[in-house]
$ cat final.txt   # compact mmCIF, C-alpha atoms
# COMPACT_ATOMS: atom_id res chain seq x y z
CA MET A 16 48.41 97.72 21.79
CA THR A 17 50.59 97.85 24.89
CA TRP A 18 47.54 97.09 27.00
CA PHE A 19 46.90 94.05 24.80
CA LEU A 20 50.45 92.78 25.24
CA VAL A 21 50.46 93.39 28.99
CA HIS A 22 47.18 91.56 29.49
CA PHE A 23 47.75 88.87 26.86
CA ALA A 24 47.73 86.00 29.40
CA GLU A 25 44.46 87.23 30.92
CA ILE A 26 42.80 87.51 27.51
CA VAL A 27 43.89 83.98 26.60
CA PHE A 28 42.67 82.74 29.98
CA TYR A 29 39.21 84.26 29.56
CA CYS A 30 38.89 82.84 26.04
CA LEU A 31 39.89 79.38 27.29
CA ALA A 32 37.53 79.68 30.25
CA ALA A 33 34.67 80.60 27.93
CA VAL A 34 35.41 77.59 25.72
CA ALA A 35 35.63 75.29 28.76
CA LEU A 36 32.32 76.51 30.18
CA ALA A 37 30.57 76.36 26.81
CA GLY A 38 31.80 72.77 26.42
CA ALA A 39 30.59 71.87 29.90
CA VAL A 40 27.16 73.35 29.20
CA GLY A 41 27.10 71.40 25.95
CA VAL A 42 27.79 68.14 27.80
CA ILE A 43 24.61 68.45 29.84
CA ALA A 44 22.51 70.17 27.15
CA PHE A 45 23.08 68.00 24.06
CA ARG A 46 20.70 65.08 23.74
CA SER A 47 23.00 63.06 21.52
CA PRO A 48 25.87 61.36 23.42
CA VAL A 49 28.20 61.90 20.46
CA HIS A 50 27.60 65.66 20.52
CA ALA A 51 28.08 65.68 24.30
CA ALA A 52 31.37 63.78 23.94
CA LEU A 53 32.70 66.20 21.31
CA SER A 54 31.63 69.10 23.53
CA LEU A 55 33.51 67.49 26.43
CA LEU A 56 36.56 67.26 24.18
CA GLY A 57 36.48 71.05 23.80
CA THR A 58 36.41 71.42 27.59
CA PHE A 59 39.38 69.07 27.99
CA LEU A 60 41.49 70.99 25.45
CA ALA A 61 40.59 74.36 26.97
CA VAL A 62 41.48 73.09 30.46
CA ALA A 63 44.81 71.87 29.06
CA GLY A 64 45.40 75.43 27.84
CA VAL A 65 44.67 76.77 31.33
CA PHE A 66 47.20 74.25 32.68
CA VAL A 67 49.85 75.82 30.42
CA LEU A 68 48.97 79.26 31.76
CA MET A 69 49.29 77.85 35.30
CA GLN A 70 52.88 76.74 34.51
CA ALA A 71 51.98 73.05 34.53
CA GLU A 72 53.22 72.17 31.05
CA PHE A 73 53.68 68.48 31.78
CA LEU A 74 50.11 68.12 33.03
CA ALA A 75 48.82 69.98 29.98
CA ALA A 76 50.49 67.37 27.78
CA VAL A 77 49.15 64.54 29.96
CA GLN A 78 45.68 66.09 29.83
CA VAL A 79 45.71 66.13 26.03
CA LEU A 80 47.18 62.63 25.71
CA VAL A 81 45.13 60.83 28.37
CA TYR A 82 41.83 62.74 28.30
CA ALA A 83 41.53 63.96 24.72
CA GLY A 84 43.43 60.99 23.31
CA GLY A 85 42.50 58.06 25.52
CA ILE A 86 39.37 58.60 27.56
CA MET A 87 37.55 60.44 24.78
CA VAL A 88 38.28 57.68 22.26
CA LEU A 89 37.02 55.16 24.84
CA PHE A 90 33.79 57.16 25.28
CA LEU A 91 33.20 57.48 21.53
CA PHE A 92 34.02 53.79 21.06
CA VAL A 93 31.43 52.73 23.63
CA ILE A 94 28.85 55.20 22.26
CA MET A 95 29.29 53.60 18.83
CA LEU A 96 29.28 50.12 20.38
CA VAL A 97 25.95 50.51 22.19
CA LYS A 98 24.14 51.50 19.04
CA ALA A 99 21.82 54.49 19.03
CA ARG A 100 18.80 52.30 18.39
CA ASP A 101 19.53 50.54 21.68
CA ILE A 102 18.82 53.82 23.47
CA PRO A 103 15.06 54.31 23.68
CA ASP A 104 13.75 57.74 22.91
CA GLU A 105 12.72 59.07 26.29
CA PRO A 106 12.63 62.46 27.92
CA GLN A 107 16.21 63.26 28.87
CA TYR A 108 15.33 65.58 31.71
CA VAL A 109 13.59 64.41 34.86
CA HIS A 110 11.50 67.48 35.45
CA ARG A 111 10.73 66.94 39.10
CA LEU A 112 14.48 66.87 39.82
CA VAL A 113 15.32 70.14 38.07
CA PRO A 114 14.28 72.53 40.90
CA ALA A 115 16.19 70.48 43.46
CA ALA A 116 19.25 70.36 41.21
CA VAL A 117 19.16 74.13 40.64
CA VAL A 118 18.71 74.92 44.34
CA LEU A 119 21.49 72.55 45.40
CA GLY A 120 23.79 73.86 42.67
CA VAL A 121 23.27 77.47 43.71
CA LEU A 122 23.77 76.62 47.38
CA LEU A 123 26.95 74.70 46.58
CA ALA A 124 28.22 77.55 44.40
CA ALA A 125 27.54 80.10 47.15
CA LEU A 126 29.22 77.94 49.80
CA VAL A 127 32.34 77.20 47.78
CA GLY A 128 32.42 80.79 46.49
CA VAL A 129 32.73 82.13 50.00
CA GLY A 130 35.52 79.62 50.62
CA ILE A 131 37.34 80.74 47.47
CA TRP A 132 37.24 84.41 48.41
CA ALA A 133 38.49 83.55 51.88
CA ALA A 134 41.23 81.14 50.79
CA SER A 135 42.92 82.71 47.78
CA SER A 136 44.50 86.02 48.68
CA GLY A 137 47.83 87.49 47.77
CA PRO A 138 49.80 87.17 44.54
CA PRO A 139 50.87 83.71 43.32
CA ALA A 140 54.32 82.49 44.27
CA ASP A 141 57.27 82.68 41.91
CA GLY A 142 56.84 79.97 39.26
CA ALA A 143 60.54 79.06 39.43
CA ALA A 144 59.86 76.56 42.24
CA LEU A 145 57.72 74.52 39.83
CA ARG A 146 60.70 73.66 37.61
CA LEU A 147 63.38 73.12 40.24
CA VAL A 148 65.13 69.73 40.34
CA ALA A 149 67.28 69.37 43.47
CA GLY A 150 67.90 73.10 43.45
CA VAL A 151 68.72 73.22 39.73
CA PRO A 152 66.20 74.94 37.44
CA LEU A 153 65.54 72.40 34.67
CA GLY A 154 61.91 72.06 33.53
CA ASN A 155 58.41 71.28 34.69
CA THR A 156 58.46 67.70 33.38
CA GLU A 157 61.77 66.92 35.08
CA ALA A 158 60.54 68.50 38.31
CA VAL A 159 57.26 66.54 38.35
CA GLY A 160 59.11 63.31 37.54
CA TRP A 161 61.66 63.96 40.28
CA SER A 162 58.92 64.61 42.83
CA LEU A 163 56.86 61.64 41.63
CA TYR A 164 59.68 59.08 41.85
CA ARG A 165 61.39 60.43 44.96
CA ASP A 166 58.68 61.78 47.28
CA TYR A 167 55.62 59.88 46.04
CA LEU A 168 56.99 56.49 45.01
CA LEU A 169 54.61 54.44 47.17
CA PRO A 170 51.43 56.26 46.00
CA PHE A 171 52.74 55.87 42.45
CA GLU A 172 53.02 52.10 42.85
CA VAL A 173 49.62 51.87 44.56
CA VAL A 174 47.96 53.82 41.76
CA SER A 175 49.53 51.49 39.20
CA ILE A 176 47.89 48.56 41.04
CA VAL A 177 44.59 50.47 40.88
CA LEU A 178 45.04 50.77 37.12
CA LEU A 179 45.78 47.05 36.83
CA VAL A 180 42.66 46.19 38.84
CA ALA A 181 40.57 48.55 36.70
CA MET A 182 41.91 46.95 33.54
CA ILE A 183 41.10 43.44 34.76
CA GLY A 184 37.67 44.58 35.94
CA ALA A 185 36.85 46.19 32.61
CA ILE A 186 37.89 43.04 30.75
CA VAL A 187 35.83 40.81 33.06
CA MET A 188 32.74 43.00 32.72
CA GLY A 189 33.13 43.54 29.02
CA ARG A 190 33.50 39.92 27.88
CA LYS A 191 30.63 37.67 26.94
CA GLU A 192 29.20 35.41 29.64
CA THR A 193 30.61 32.03 28.68
CA GLY A 194 31.89 29.00 30.50
CA ARG A 195 30.63 27.84 33.87
CA GLY A 196 27.35 29.40 34.90
CA GLY A 197 27.76 33.13 35.28
CA ALA A 198 25.04 34.36 37.63
CA ALA A 199 24.59 37.60 35.71
CA MET B 14 49.02 87.90 35.90
CA ILE B 15 45.98 85.64 36.20
CA SER B 16 44.63 85.77 39.72
CA THR B 17 44.18 82.42 41.45
CA THR B 18 40.65 83.43 42.40
CA HIS B 19 39.62 83.54 38.74
CA VAL B 20 40.92 80.02 38.13
CA LEU B 21 39.09 78.80 41.22
CA VAL B 22 35.86 80.39 39.99
CA LEU B 23 36.29 78.61 36.63
CA SER B 24 36.90 75.35 38.50
CA LEU B 25 33.82 75.98 40.64
CA ALA B 26 31.68 76.59 37.57
CA LEU B 27 32.90 73.37 35.93
CA PHE B 28 32.26 71.43 39.13
CA THR B 29 28.76 72.85 39.54
CA LEU B 30 27.92 72.09 35.92
CA GLY B 31 29.14 68.52 36.46
CA VAL B 32 27.03 68.05 39.59
CA VAL B 33 23.93 69.57 37.96
CA GLY B 34 24.46 67.33 34.94
CA MET B 35 24.70 64.23 37.15
CA ALA B 36 21.44 65.19 38.85
CA VAL B 37 19.58 66.13 35.68
CA ARG B 38 20.66 63.66 32.99
CA ARG B 39 19.41 60.07 32.91
CA ASN B 40 21.78 58.81 30.24
CA PHE B 41 24.50 56.71 31.88
CA ILE B 42 27.13 57.79 29.33
CA THR B 43 26.42 61.48 29.90
CA VAL B 44 26.54 61.00 33.67
CA LEU B 45 30.02 59.48 33.28
CA MET B 46 31.06 62.52 31.25
CA CYS B 47 29.84 64.73 34.09
CA VAL B 48 32.09 62.78 36.47
CA GLU B 49 35.00 63.58 34.16
CA LEU B 50 34.00 67.26 34.32
CA ILE B 51 34.09 67.15 38.12
CA LEU B 52 37.51 65.47 38.15
CA ASN B 53 38.78 68.13 35.73
CA ALA B 54 37.54 70.84 38.08
CA ALA B 55 39.42 69.16 40.94
CA ASN B 56 42.58 69.08 38.82
CA LEU B 57 42.18 72.76 38.03
CA ASN B 58 42.02 73.47 41.78
CA PHE B 59 45.16 71.41 42.44
CA ILE B 60 47.08 73.21 39.70
CA ALA B 61 45.88 76.67 40.70
CA PHE B 62 46.96 76.17 44.30
CA SER B 63 50.21 74.57 43.16
CA ARG B 64 51.02 77.81 41.35
CA GLN B 65 49.73 79.97 44.19
CA LEU B 66 51.94 78.23 46.77
CA GLY B 67 54.91 77.48 44.50
CA ASP B 68 54.67 73.80 45.51
CA LEU B 69 54.87 70.85 43.12
CA THR B 70 52.70 68.57 45.28
CA GLY B 71 49.53 69.83 43.62
CA GLN B 72 50.78 68.84 40.19
CA VAL B 73 51.81 65.36 41.39
CA LEU B 74 48.35 64.86 42.93
CA ALA B 75 46.78 65.97 39.64
CA VAL B 76 48.72 63.15 37.92
CA PHE B 77 47.14 60.71 40.37
CA VAL B 78 43.67 62.20 39.77
CA ILE B 79 44.10 61.73 36.01
CA THR B 80 45.12 58.11 36.60
CA ILE B 81 42.05 57.47 38.75
CA ALA B 82 39.88 59.21 36.13
CA ALA B 83 41.20 56.84 33.47
CA ALA B 84 40.48 53.82 35.69
CA GLU B 85 37.01 55.17 36.45
CA ALA B 86 36.25 55.69 32.75
CA ALA B 87 37.37 52.15 31.89
CA ILE B 88 35.27 50.60 34.69
CA GLY B 89 32.26 52.83 34.01
CA LEU B 90 32.24 52.10 30.30
CA GLY B 91 32.71 48.38 31.04
CA ILE B 92 29.61 48.60 33.25
CA ILE B 93 27.74 50.32 30.41
CA VAL B 94 28.66 47.54 27.97
CA ALA B 95 27.54 44.88 30.47
CA LEU B 96 24.37 46.85 31.22
CA VAL B 97 23.40 47.17 27.56
CA ARG B 98 23.98 43.44 27.13
CA LEU B 99 21.77 42.71 30.16
CA LYS B 100 18.94 45.24 29.84
CA GLN B 101 19.35 46.86 26.39
CA THR B 102 19.27 50.36 27.90
CA VAL B 103 21.52 53.10 29.23
CA ASN B 104 18.66 54.91 30.95
CA LEU B 105 19.47 55.05 34.67
CA ASP B 106 15.77 55.19 35.59
CA GLN B 107 15.28 51.74 34.10
CA VAL B 108 18.17 50.22 36.04
CA ASN B 109 16.42 49.30 39.27
CA VAL B 110 17.20 45.62 39.81
CA MET B 111 18.21 46.45 43.38
CA GLU B 112 14.87 48.26 43.91
CA GLY B 113 16.71 51.17 45.51
$ encode --input "final.txt" --output "structure tokens"
Amino acid sequence: MTWFLVHFAEIVFYCLAAVALAGAVGVIAFRSPVHAALSLLGTFLAVAGVFVLMQAEFLAAVQVLVYAGGIMVLFLFVIMLVKARDIPDEPQYVHRLVPAAVVLGVLLAALVGVGIWAASSGPPADGAALRLVAGVPLGNTEAVGWSLYRDYLLPFEVVSIVLLVAMIGAIVMGRKETGRGGAA
Amino acid sequence: MISTTHVLVLSLALFTLGVVGMAVRRNFITVLMCVELILNAANLNFIAFSRQLGDLTGQVLAVFVITIAAAEAAIGLGIIVALVRLKQTVNLDQVNVMEG
């Protein structure tokens, strides 16, 4: 029982990691896009749980709201919009690519694995720094907001322009071709 | 205490699955989902190192990554809608107007 309490965070982490990996496998294994999207939803929620364990509570909330709430709804909406009968029944796997994909994946995993073992040594730093606002311990959300609006104001504004451009682009691509001769 | 190495291995596995999925699947929608997987793996890395170093910068960068992921999803799905209107397919092997 004591062992269970001492290692509670690890147990939760391994459960969440298993869910995340199972969801990721489901994304590339399910033939139906709807099943793949729901599987991806499981991965997103599990990763949000890992964010909480990593003392990034604000990002966990953002992950649930933006990914699970926004992007996933967008995916499901488009899957419903381009009706299933519009997707011809064809072999989903390109067999001649599978060996290359496996070899490249294993090579990549080995390469990055070596980097991971070399890079991450020593215990993690004290989590208190992640909730410090101007030297006062407040909370993770306040700390991220403080850093975002004080140290990273210009990137913040630039990324908002990126979002605006993406919104306009999506509208332009999504509307029907009307008016003066669209080439497409 | 969860070791940073374990989080990085989880992130690596998610990333590899995303890359393999992009190489293996021919459905445009699924390929976009694999891109989301890869961006999630990158976020996991940022957050793990943010905790390891006790530095908030990783979390702020993860906010930016999520923003870019949202923009990418909107554009990608807009392309899918336009593609289905143009060619009635989401199979990437049939999208070869550029003869690439």
$ closest_residue --input "final.txt" --among "A:Phe23, A:Phe66, A:Phe73, A:Phe90" --to "Val44 (chain B)" --atoms "all atoms listed in the file"
A:Phe90
$ closest_residue --input "final.txt" --among "A:Ala33, A:Ser175, A:Val27, A:Val21" --to "Leu27 (chain B)" --atoms "all atoms listed in the file"
A:Ala33
$ closest_residue --input "final.txt" --among "A:Val62, A:Pro139, A:Val148, A:Leu168" --to "chain B" --atoms "all atoms listed in the file"
A:Pro139
$ closest_residue --input "final.txt" --among "B:Val103, B:Met111, B:Val78, B:Gly71" --to "chain A" --atoms "all atoms listed in the file"
B:Val103
$ residues_around --input "final.txt" --residues "Phe92 (chain A)" --least-positions-apart "2" --cutoff "12 Å" --atoms "only C-alpha atoms" --output "ChimeraX atom specification"
/A:48-49,52,85-90,94-98 /B:42,87,90-91,93-94
$ interface_residues --input "final.txt" --of "chain B" --to "chain A" --cutoff "6 Å" --atoms "only C-alpha atoms" --output "ChimeraX atom specification"
/B:15,18,29,33-34,37-38,65-67,69,84,88,91,95,101-102
$ write_last_selection --input "final.txt" --atoms "C-alpha atoms" --output "PDB file, keeping the file's coordinate frame"
ATOM      1  CA  ILE B  15      45.980  85.640  36.200  1.00  0.00           C
ATOM      2  CA  THR B  18      40.650  83.430  42.400  1.00  0.00           C
ATOM      3  CA  THR B  29      28.760  72.850  39.540  1.00  0.00           C
ATOM      4  CA  VAL B  33      23.930  69.570  37.960  1.00  0.00           C
ATOM      5  CA  GLY B  34      24.460  67.330  34.940  1.00  0.00           C
ATOM      6  CA  VAL B  37      19.580  66.130  35.680  1.00  0.00           C
ATOM      7  CA  ARG B  38      20.660  63.660  32.990  1.00  0.00           C
ATOM      8  CA  GLN B  65      49.730  79.970  44.190  1.00  0.00           C
ATOM      9  CA  LEU B  66      51.940  78.230  46.770  1.00  0.00           C
ATOM     10  CA  GLY B  67      54.910  77.480  44.500  1.00  0.00           C
ATOM     11  CA  LEU B  69      54.870  70.850  43.120  1.00  0.00           C
ATOM     12  CA  ALA B  84      40.480  53.820  35.690  1.00  0.00           C
ATOM     13  CA  ILE B  88      35.270  50.600  34.690  1.00  0.00           C
ATOM     14  CA  GLY B  91      32.710  48.380  31.040  1.00  0.00           C
ATOM     15  CA  ALA B  95      27.540  44.880  30.470  1.00  0.00           C
ATOM     16  CA  GLN B 101      19.350  46.860  26.390  1.00  0.00           C
ATOM     17  CA  THR B 102      19.270  50.360  27.900  1.00  0.00           C
TER      18      THR B 102
END
$ residues_around --input "final.txt" --residues "Leu57 (chain B)" --least-positions-apart "4" --cutoff "8 Å" --atoms "all atoms listed in the file" --output "ChimeraX atom specification"
/A:62,66 /B:20-21,24,53,61
$ atom_distance --input "final.txt" --atom1 "CA of His19 (chain B)" --atom2 "CA of Phe62 (chain B)"
11.8 Å
$ atom_distance --input "final.txt" --atom1 "CA of Leu45 (chain B)" --atom2 "CA of Val173 (chain A)"
23.9 Å
$ atom_distance --input "final.txt" --atom1 "CA of Asn109 (chain B)" --atom2 "CA of Gly41 (chain A)"
27.9 Å
$ residues_around --input "final.txt" --residues "Val110 (chain B)" --least-positions-apart "4" --cutoff "12 Å" --atoms "all atoms listed in the file" --output "list of chain:residue names"
A:Ala199, B:Leu96, B:Leu99, B:Lys100, B:Leu105, B:Asp106
$ closest_residue --input "final.txt" --among "B:Ile79, B:Val108, B:Val22, B:Leu74" --to "Ile92 (chain B)" --atoms "only C-alpha atoms"
B:Val108
